>>> print(open('my_file_28.txt').read())   # compact mmCIF, C-alpha atoms
# COMPACT_ATOMS: atom_id res chain seq x y z
CA MET X 1 13.30 17.34 -10.67
CA LYS X 2 16.99 17.94 -10.91
CA PRO X 3 19.20 15.66 -8.79
CA VAL X 4 20.32 16.87 -5.36
CA GLU X 5 23.46 19.02 -5.40
CA LYS X 6 26.36 16.82 -4.26
CA ASP X 7 27.75 19.34 -1.75
CA LEU X 8 24.41 20.23 -0.14
CA LYS X 9 24.17 19.94 3.63
CA ILE X 10 20.98 20.74 5.52
CA HIS X 11 21.78 21.58 9.13
CA GLY X 12 19.56 21.10 12.14
CA GLN X 13 20.32 21.30 15.86
CA GLN X 14 21.49 17.75 16.53
CA ILE X 15 21.69 16.37 12.99
CA TYR X 16 22.43 17.32 9.42
CA LEU X 17 21.28 15.82 6.14
CA ARG X 18 23.73 15.12 3.34
CA PRO X 19 23.03 13.60 -0.07
CA ILE X 20 23.19 9.82 -0.19
CA ALA X 21 26.30 8.38 -1.88
CA ILE X 22 27.36 4.99 -3.22
CA ALA X 23 29.60 4.69 -0.14
CA ASP X 24 26.41 4.50 1.99
CA THR X 25 25.26 1.29 0.30
CA ASP X 26 26.26 -1.15 3.05
CA ASP X 27 24.55 0.97 5.74
CA ILE X 28 21.38 1.39 3.63
CA VAL X 29 21.09 -2.34 2.89
CA ARG X 30 21.71 -3.22 6.55
CA TRP X 31 19.20 -0.65 7.81
CA ARG X 32 16.47 -1.47 5.26
CA ASN X 33 16.66 -5.16 6.16
CA GLU X 34 16.47 -4.61 9.94
CA LYS X 35 13.29 -6.09 11.41
CA LYS X 36 12.34 -2.83 13.18
CA VAL X 37 12.61 -0.90 9.89
CA VAL X 38 10.88 -3.54 7.72
CA GLU X 39 7.86 -3.86 10.01
CA ASN X 40 7.12 -0.15 9.60
CA PHE X 41 7.59 -0.03 5.82
CA ILE X 42 4.91 -0.71 3.22
CA TYR X 43 7.52 -2.32 0.94
CA ARG X 44 8.53 -5.41 2.92
CA LYS X 45 10.79 -7.36 0.59
CA PRO X 46 14.48 -7.64 1.50
CA VAL X 47 16.71 -5.13 -0.28
CA SER X 48 19.92 -6.42 -1.87
CA LYS X 49 23.05 -4.43 -2.60
CA GLU X 50 22.31 -4.75 -6.34
CA GLU X 51 18.75 -3.45 -5.90
CA HIS X 52 20.01 -0.49 -3.91
CA LEU X 53 22.66 0.34 -6.52
CA ASN X 54 19.96 0.13 -9.21
CA TRP X 55 17.81 2.51 -7.09
CA MET X 56 20.75 4.92 -6.90
CA GLU X 57 21.30 4.80 -10.66
CA LYS X 58 17.67 5.01 -11.81
CA LYS X 59 16.02 7.09 -9.09
CA VAL X 60 18.58 9.16 -7.19
CA LYS X 61 20.98 10.12 -10.00
CA SER X 62 18.06 11.07 -12.24
CA GLY X 63 16.42 13.30 -9.61
CA LEU X 64 13.30 11.15 -9.28
CA VAL X 65 14.23 10.72 -5.61
CA HIS X 66 15.99 13.25 -3.40
CA GLN X 67 17.54 11.03 -0.75
CA PHE X 68 19.70 12.07 2.18
CA ILE X 69 21.65 10.41 4.96
CA ILE X 70 20.78 11.61 8.46
CA CYS X 71 24.04 12.23 10.36
CA ARG X 72 24.58 13.11 14.00
CA LYS X 73 26.43 16.44 14.22
CA GLU X 74 28.63 15.60 17.19
CA ASP X 75 30.40 12.67 15.53
CA ASP X 76 29.14 12.56 11.89
CA LYS X 77 27.67 9.10 12.54
CA PRO X 78 25.09 8.06 9.89
CA LEU X 79 21.82 7.20 11.64
CA GLY X 80 19.34 6.60 8.83
CA SER X 81 17.91 8.02 5.64
CA ILE X 82 15.17 10.43 4.61
CA TYR X 83 13.87 11.14 1.13
CA LEU X 84 11.38 12.90 -1.09
CA GLN X 85 9.90 10.97 -4.01
CA ASN X 86 6.79 10.49 -6.16
CA PHE X 87 7.04 14.08 -7.34
CA GLU X 88 4.05 15.47 -9.19
CA GLU X 89 5.43 18.51 -10.97
CA GLU X 90 2.03 19.70 -12.22
CA ASN X 91 0.67 19.64 -8.64
CA LYS X 92 3.96 20.74 -7.03
CA LYS X 93 3.70 17.81 -4.65
CA GLY X 94 6.02 15.14 -3.25
CA GLU X 95 5.98 12.31 -0.73
CA TRP X 96 8.50 11.87 2.05
CA GLY X 97 9.72 8.81 3.91
CA ILE X 98 12.28 8.04 6.58
CA PHE X 99 14.01 5.16 8.29
CA LEU X 100 16.33 5.29 11.26
CA GLY X 101 18.63 2.30 11.25
CA GLU X 102 20.75 2.91 14.32
CA PRO X 103 19.07 2.09 17.64
CA ASP X 104 20.90 4.90 19.43
CA ALA X 105 18.89 7.34 17.27
CA TYR X 106 15.49 6.22 18.62
CA GLY X 107 13.51 8.34 21.03
CA LYS X 108 15.70 11.45 20.79
CA GLY X 109 13.63 13.58 18.41
CA ILE X 110 15.98 12.87 15.51
CA GLY X 111 13.19 11.65 13.24
CA THR X 112 11.08 14.72 13.96
CA GLU X 113 14.02 17.04 13.35
CA ALA X 114 14.81 15.27 10.07
CA ALA X 115 11.12 15.47 9.06
CA LYS X 116 11.12 19.23 9.65
CA LEU X 117 14.34 19.64 7.66
CA ILE X 118 13.04 17.66 4.67
CA LEU X 119 9.77 19.62 4.75
CA ALA X 120 11.65 22.94 4.70
CA TYR X 121 13.83 21.61 1.86
CA GLY X 122 10.73 20.59 -0.11
CA PHE X 123 9.07 23.97 0.35
CA GLU X 124 12.04 26.36 0.21
CA THR X 125 14.45 24.64 -2.18
CA LEU X 126 12.15 22.63 -4.43
CA GLY X 127 9.19 25.02 -4.29
CA LEU X 128 6.70 22.27 -3.50
CA HIS X 129 3.17 23.28 -2.57
CA LYS X 130 2.45 20.10 -0.60
CA VAL X 131 4.36 17.21 0.96
CA ILE X 132 2.57 14.03 2.01
CA SER X 133 3.42 10.86 3.88
CA LYS X 134 1.83 7.46 4.33
CA VAL X 135 2.04 5.86 7.77
CA LEU X 136 0.89 2.46 8.96
CA ALA X 137 -1.63 3.26 11.70
CA TYR X 138 -0.03 0.93 14.24
CA ASN X 139 3.27 2.84 13.96
CA GLN X 140 2.44 5.39 16.64
CA ALA X 141 6.02 6.71 16.78
CA SER X 142 5.72 7.69 13.11
CA VAL X 143 2.26 9.18 13.68
CA ARG X 144 3.67 11.39 16.49
CA MET X 145 6.71 12.28 14.37
CA ASN X 146 4.48 13.50 11.52
CA GLU X 147 2.28 15.49 13.91
CA ASN X 148 5.28 17.02 15.72
CA ALA X 149 6.86 17.98 12.39
CA GLY X 150 3.76 19.93 11.35
CA TYR X 151 1.90 17.43 9.18
CA LYS X 152 -1.86 17.08 9.53
CA GLN X 153 -3.80 13.85 9.23
CA GLU X 154 -5.85 14.05 6.06
CA ALA X 155 -7.27 10.54 5.80
CA TYR X 156 -7.55 7.29 7.72
CA LEU X 157 -7.87 4.34 5.34
CA LYS X 158 -9.26 1.21 6.98
CA ASP X 159 -7.86 -2.16 5.81
CA GLU X 160 -5.93 -0.39 3.06
CA LEU X 161 -2.97 -2.76 2.73
CA PHE X 162 -2.54 -6.52 2.97
CA LEU X 163 0.80 -7.03 4.72
CA ASP X 164 2.21 -10.18 6.28
CA GLY X 165 -1.08 -12.04 6.01
CA LYS X 166 -3.43 -9.38 7.41
CA TYR X 167 -5.02 -6.07 6.50
CA GLU X 168 -3.54 -2.90 7.94
CA ASP X 169 -4.89 0.63 8.25
CA LEU X 170 -3.02 3.50 6.60
CA ILE X 171 -2.95 7.16 7.63
CA LEU X 172 -2.28 9.87 5.08
CA PHE X 173 -0.58 13.02 6.35
CA GLY X 174 -0.02 16.26 4.48
CA ALA X 175 1.61 19.63 4.92
CA VAL X 176 0.90 22.64 2.70
CA ASN X 177 3.52 25.29 2.06
CA PRO X 178 2.41 28.26 4.21
CA LEU X 179 3.89 30.67 1.66
CA GLN X 180 1.57 29.25 -1.03
CA GLU X 181 -1.68 28.88 0.91
>>> encode(input="my_file_28.txt", output="structure tokens")
Amino acid sequence: MKPVEKDLKIHGQQIYLRPIAIADTDDIVRWRNEKKVVENFIYRKPVSKEEHLNWMEKKVKSGLVHQFIICRKEDDKPLGSIYLQNFEEENKKGEWGIFLGEPDAYGKGIGTEAAKLILAYGFETLGLHKVISKVLAYNQASVRMNENAGYKQEAYLKDELFLDGKYEDLILFGAVNPLQE
């Protein structure tokens, strides 16, 4: 994949997505290390500033990851991040993920709106046939967000991951491009 165009903005009703920038590093590191974010992520290790900058250089700048900052329209406040990654060009497939780092973004439909925007971007801009996500089964807010954004549960994997000393179930969601069905 080509990297995200630097001037791209994807507008929704209450938010917009803009490409992640180096200037977002402090917010990203703070958000990714918040307990509420970490407990809902598969990757649980703390993220350092250096690791994030390495991610930007190796993944984002190269186009392996299309990562955006979720901003509130009314005041341009950054609220979290959403991304597409693990692209399979031969299958025209990608995987999306999200994290909201600002507590004032919770429970307002912002995650669902961002999920719909990234899905439309994947289908319309990148020409993907399918977008998937992996959700820890206990994260019911994320389950509802996927369902409300148009994703369908495709698999329920019992005891799939060993996290924090116990096995956790994983749900796989998918959405197929309606123009390519």
>>> closest_atom_pairs(input="my_file_28.txt", of="range 3-115 of chain X", to="range 122-133 of chain X", cutoff="8 Å", atoms="all atoms listed in the file", output="tab-separated table")
residue	atom	partner	partner_atom	distance
X:Leu84	CA	X:Gly122	CA	7.8
X:Asn91	CA	X:His129	CA	7.5
X:Lys92	CA	X:Leu128	CA	4.7
X:Lys93	CA	X:Lys130	CA	4.8
X:Gly94	CA	X:Val131	CA	5.0
X:Glu95	CA	X:Ile132	CA	4.7
X:Trp96	CA	X:Ser133	CA	5.5
X:Gly97	CA	X:Ser133	CA	6.6
>>> write_last_selection(input="my_file_28.txt", atoms="C-alpha atoms", output="mmCIF file, in the frame of the given file")
data_model
loop_
_atom_site.group_PDB
_atom_site.id
_atom_site.type_symbol
_atom_site.label_atom_id
_atom_site.label_comp_id
_atom_site.auth_asym_id
_atom_site.auth_seq_id
_atom_site.Cartn_x
_atom_site.Cartn_y
_atom_site.Cartn_z
ATOM 1 C CA LEU X 84 11.380 12.900 -1.090
ATOM 2 C CA ASN X 91 0.670 19.640 -8.640
ATOM 3 C CA LYS X 92 3.960 20.740 -7.030
ATOM 4 C CA LYS X 93 3.700 17.810 -4.650
ATOM 5 C CA GLY X 94 6.020 15.140 -3.250
ATOM 6 C CA GLU X 95 5.980 12.310 -0.730
ATOM 7 C CA TRP X 96 8.500 11.870 2.050
ATOM 8 C CA GLY X 97 9.720 8.810 3.910
#
>>> closest_residue(input="my_file_28.txt", among="X:Pro19, X:Pro103, X:Gly174, X:Gly109", to="Glu34 in chain X", atoms="all atoms listed in the file")
X:Pro103
>>> atom_distance(input="my_file_28.txt", atom1="CA of Asp27 in chain X", atom2="CA of Tyr43 in chain X")
18.0 Å
>>> atom_distance(input="my_file_28.txt", atom1="CA of Cys71 in chain X", atom2="CA of Gln14 in chain X")
8.7 Å
>>> closest_atom_pairs(input="my_file_28.txt", of="range 21-85 of chain X", to="range 158-169 of chain X", cutoff="10 Å", atoms="only C-alpha atoms", output="Markdown table")
| residue | atom | partner | partner_atom | distance |
| --- | --- | --- | --- | --- |
| X:Glu39 | CA | X:Asp164 | CA | 9.3 |
| X:Phe41 | CA | X:Leu163 | CA | 9.8 |
| X:Ile42 | CA | X:Leu163 | CA | 7.7 |
| X:Tyr43 | CA | X:Leu163 | CA | 9.0 |
| X:Arg44 | CA | X:Leu163 | CA | 8.1 |
>>> write_last_selection(input="my_file_28.txt", atoms="C-alpha atoms", output="PDB file, in the frame of the given file")
ATOM      1  CA  GLU X  39       7.860  -3.860  10.010  1.00  0.00           C
ATOM      2  CA  PHE X  41       7.590  -0.030   5.820  1.00  0.00           C
ATOM      3  CA  ILE X  42       4.910  -0.710   3.220  1.00  0.00           C
ATOM      4  CA  TYR X  43       7.520  -2.320   0.940  1.00  0.00           C
ATOM      5  CA  ARG X  44       8.530  -5.410   2.920  1.00  0.00           C
TER       6      ARG X  44
END
>>> closest_residue(input="my_file_28.txt", among="X:Leu64, X:Val38, X:Ala23, X:Leu79", to="Met1 in chain X", atoms="only C-alpha atoms")
X:Leu64
>>> closest_residue(input="my_file_28.txt", among="X:Tyr156, X:Tyr151, X:Tyr106, X:Phe173", to="Val37 in chain X", atoms="all atoms listed in the file")
X:Tyr106
>>> closest_residue(input="my_file_28.txt", among="X:Asn40, X:Thr25, X:Asn54, X:Asn33", to="Tyr138 in chain X", atoms="all atoms listed in the file")
X:Asn40
>>> atom_distance(input="my_file_28.txt", atom1="CA of Ala175 in chain X", atom2="CA of Leu119 in chain X")
8.2 Å
>>> axis_aligned_box(input="my_file_28.txt", around="range 114-120 of chain X", padding_each_side="3 Å", output="lines of an AutoDock Vina configuration file")
center_x = 12.3
center_y = 19.1
center_z = 7.4
size_x = 11.0
size_y = 13.7
size_z = 11.4
>>> residues_near_point(input="my_file_28.txt", point="(19.1, 13.8, 9.0)", cutoff="12 Å", atoms="all atoms listed in the file", output="JSON list (two decimals) with C-alpha atoms, in the coordinates of the input")
[["chain", "number", "residue", "atom", "x", "y", "z"],
["X", 9, "LYS", "CA", 24.17, 19.94, 3.63],
["X", 10, "ILE", "CA", 20.98, 20.74, 5.52],
["X", 11, "HIS", "CA", 21.78, 21.58, 9.13],
["X", 12, "GLY", "CA", 19.56, 21.10, 12.14],
["X", 13, "GLN", "CA", 20.32, 21.30, 15.86],
["X", 14, "GLN", "CA", 21.49, 17.75, 16.53],
["X", 15, "ILE", "CA", 21.69, 16.37, 12.99],
["X", 16, "TYR", "CA", 22.43, 17.32, 9.42],
["X", 17, "LEU", "CA", 21.28, 15.82, 6.14],
["X", 18, "ARG", "CA", 23.73, 15.12, 3.34],
["X", 19, "PRO", "CA", 23.03, 13.60, -0.07],
["X", 20, "ILE", "CA", 23.19, 9.82, -0.19],
["X", 67, "GLN", "CA", 17.54, 11.03, -0.75],
["X", 68, "PHE", "CA", 19.70, 12.07, 2.18],
["X", 69, "ILE", "CA", 21.65, 10.41, 4.96],
["X", 70, "ILE", "CA", 20.78, 11.61, 8.46],
["X", 71, "CYS", "CA", 24.04, 12.23, 10.36],
["X", 72, "ARG", "CA", 24.58, 13.11, 14.00],
["X", 73, "LYS", "CA", 26.43, 16.44, 14.22],
["X", 76, "ASP", "CA", 29.14, 12.56, 11.89],
["X", 77, "LYS", "CA", 27.67, 9.10, 12.54],
["X", 78, "PRO", "CA", 25.09, 8.06, 9.89],
["X", 79, "LEU", "CA", 21.82, 7.20, 11.64],
["X", 80, "GLY", "CA", 19.34, 6.60, 8.83],
["X", 81, "SER", "CA", 17.91, 8.02, 5.64],
["X", 82, "ILE", "CA", 15.17, 10.43, 4.61],
["X", 83, "TYR", "CA", 13.87, 11.14, 1.13],
["X", 97, "GLY", "CA", 9.72, 8.81, 3.91],
["X", 98, "ILE", "CA", 12.28, 8.04, 6.58],
["X", 99, "PHE", "CA", 14.01, 5.16, 8.29],
["X", 100, "LEU", "CA", 16.33, 5.29, 11.26],
["X", 101, "GLY", "CA", 18.63, 2.30, 11.25],
["X", 105, "ALA", "CA", 18.89, 7.34, 17.27],
["X", 109, "GLY", "CA", 13.63, 13.58, 18.41],
["X", 110, "ILE", "CA", 15.98, 12.87, 15.51],
["X", 111, "GLY", "CA", 13.19, 11.65, 13.24],
["X", 112, "THR", "CA", 11.08, 14.72, 13.96],
["X", 113, "GLU", "CA", 14.02, 17.04, 13.35],
["X", 114, "ALA", "CA", 14.81, 15.27, 10.07],
["X", 115, "ALA", "CA", 11.12, 15.47, 9.06],
["X", 116, "LYS", "CA", 11.12, 19.23, 9.65],
["X", 117, "LEU", "CA", 14.34, 19.64, 7.66],
["X", 118, "ILE", "CA", 13.04, 17.66, 4.67],
["X", 119, "LEU", "CA", 9.77, 19.62, 4.75],
["X", 121, "TYR", "CA", 13.83, 21.61, 1.86]]
>>> residues_around(input="my_file_28.txt", residues="Ile171 in chain X", least_positions_apart="5", cutoff="7 Å", atoms="only C-alpha atoms", output="JSON, numbers by chain")
{"X": [134, 135, 136, 137, 153, 155, 156, 157]}
>>> closest_residue(input="my_file_28.txt", among="X:Lys36, X:Asn148, X:Ser142, X:His52", to="Asp24 in chain X", atoms="only C-alpha atoms")
X:His52
>>> closest_residue(input="my_file_28.txt", among="X:Lys49, X:His66, X:Lys61, X:Lys6", to="Arg32 in chain X", atoms="all atoms listed in the file")
X:Lys49
